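Listing of model_39.cif, mmCIF, C-alpha atoms
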```cif
data_model
loop_
_atom_site.group_PDB
_atom_site.id
_atom_site.type_symbol
_atom_site.label_atom_id
_atom_site.label_comp_id
_atom_site.auth_asym_id
_atom_site.auth_seq_id
_atom_site.Cartn_x
_atom_site.Cartn_y
_atom_site.Cartn_z
ATOM 1 C CA MET A 440 -46.610 13.794 -3.508
ATOM 2 C CA ARG A 441 -46.138 10.541 -1.640
ATOM 3 C CA TYR A 442 -43.858 9.177 -4.348
ATOM 4 C CA ALA A 443 -41.829 12.383 -4.420
ATOM 5 C CA VAL A 444 -41.088 12.134 -0.687
ATOM 6 C CA SER A 445 -40.159 8.463 -1.060
ATOM 7 C CA LEU A 446 -37.904 9.293 -3.992
ATOM 8 C CA VAL A 447 -36.172 12.072 -2.052
ATOM 9 C CA LEU A 448 -35.622 9.791 0.962
ATOM 10 C CA PHE A 449 -34.275 7.079 -1.328
ATOM 11 C CA ALA A 450 -31.886 9.551 -2.974
ATOM 12 C CA VAL A 451 -30.662 10.778 0.428
ATOM 13 C CA ALA A 452 -30.119 7.182 1.554
ATOM 14 C CA LEU A 453 -28.121 6.399 -1.594
ATOM 15 C CA GLY A 454 -26.027 9.517 -1.104
ATOM 16 C CA GLY A 455 -25.298 8.529 2.493
ATOM 17 C CA VAL A 456 -24.283 5.033 1.475
ATOM 18 C CA TYR A 457 -22.017 6.465 -1.217
ATOM 19 C CA LEU A 458 -20.291 8.844 1.210
ATOM 20 C CA LEU A 459 -19.909 6.102 3.800
ATOM 21 C CA GLY A 460 -18.366 3.761 1.243
ATOM 22 C CA ARG A 461 -15.997 6.432 0.007
ATOM 23 C CA SER A 462 -14.742 7.239 3.504
ATOM 24 C CA HIS A 463 -14.274 3.518 4.190
ATOM 25 C CA ALA A 464 -12.211 3.206 0.990
ATOM 26 C CA GLU A 465 -10.058 6.157 2.045
ATOM 27 C CA VAL A 466 -9.384 4.519 5.422
ATOM 28 C CA ARG A 467 -8.374 1.303 3.641
ATOM 29 C CA ILE A 468 -5.977 3.220 1.366
ATOM 30 C CA VAL A 469 -4.345 4.926 4.345
ATOM 31 C CA LYS A 470 -3.932 1.585 6.144
ATOM 32 C CA GLU A 471 -2.321 0.041 3.052
ATOM 33 C CA GLN A 472 0.078 2.982 2.749
ATOM 34 C CA VAL A 473 1.090 2.595 6.404
ATOM 35 C CA GLU A 474 1.735 -1.113 5.838
ATOM 36 C CA VAL A 475 3.887 -0.316 2.793
ATOM 37 C CA VAL A 476 5.930 2.209 4.786
ATOM 38 C CA LYS A 477 6.485 -0.348 7.564
ATOM 39 C CA TYR A 478 7.510 -3.011 5.017
ATOM 40 C CA VAL A 479 9.965 -0.664 3.298
ATOM 41 C CA SER A 480 11.470 0.345 6.642
ATOM 42 C CA ARG A 481 11.897 -3.291 7.663
ATOM 43 C CA GLU A 482 13.493 -4.236 4.322
ATOM 44 C CA ARG A 483 15.786 -1.213 4.474
ATOM 45 C CA ALA A 484 16.929 -2.224 7.960
ATOM 46 C CA GLU A 485 17.714 -5.740 6.719
ATOM 47 C CA VAL A 486 19.776 -4.378 3.819
ATOM 48 C CA TYR A 487 21.697 -2.032 6.111
ATOM 49 C CA ALA A 488 22.396 -4.895 8.542
ATOM 50 C CA ARG A 489 24.183 -6.969 5.871
ATOM 51 C CA PRO A 490 27.959 -6.731 5.775
ATOM 52 C CA ASN A 491 29.566 -5.064 2.787
ATOM 53 C CA ALA A 492 30.892 -7.362 0.090
ATOM 54 C CA GLY A 493 34.624 -7.498 -0.353
ATOM 55 C CA ARG A 494 36.589 -7.120 -3.574
ATOM 56 C CA ASP A 495 36.986 -10.854 -4.114
ATOM 57 C CA GLU A 496 33.273 -11.499 -3.596
ATOM 58 C CA LEU A 497 32.326 -8.738 -6.041
ATOM 59 C CA LEU A 498 34.744 -10.032 -8.679
ATOM 60 C CA LYS A 499 33.335 -13.543 -8.322
ATOM 61 C CA LEU A 500 29.783 -12.213 -8.780
ATOM 62 C CA MET A 501 30.875 -10.183 -11.807
ATOM 63 C CA HIS A 502 32.532 -13.188 -13.462
ATOM 64 C CA ASP A 503 29.461 -15.328 -12.747
ATOM 65 C CA GLY A 504 27.274 -12.697 -14.427
ATOM 66 C CA LYS A 505 25.191 -12.022 -11.328
ATOM 67 C CA PHE A 506 26.330 -8.455 -10.758
#
```
File written out as structure tokens:
Amino acid sequence: MRYAVSLVLFAVALGGVYLLGRSHAEVRIVKEQVEVVKYVSRERAEVYARPNAGRDELLKLMHDGKF
């Protein structure tokens, strides 16, 4: 009987640790997704801030094989 109670308490403790670890992993995933969204927004703003290339610049890039 004593071992059965110890085994049940051990199983409950393992289950609690598992649930705690899973929730911590979910929080980490959400934080990483927020960081990705911020990075994409910042990069998008930098691209939009660049001036448009003119015809001559685009032709030069095309002839150089970069476009």
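Between atom CA of A:Val473 and atom CA of A:Tyr487 lies a distance of 21.1 Å.
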First collect every listed atom of stretch 462-472 of chain A; then fit an axis-aligned box around them, widen it by 3 Å on each side, and give centre and edge lengths in Å to one decimal, as lines of an AutoDock Vina configuration file.
```
center_x = -7.3
center_y = 3.6
center_z = 3.6
size_x = 20.8
size_y = 13.2
size_z = 11.2
```
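Interatomic distance, atom CA of A:Val475 to atom CA of A:Ala488: 19.9 Å.
Counting from atom CA of A:Val486, the distance to atom CA of A:Lys470 is 24.6 Å.
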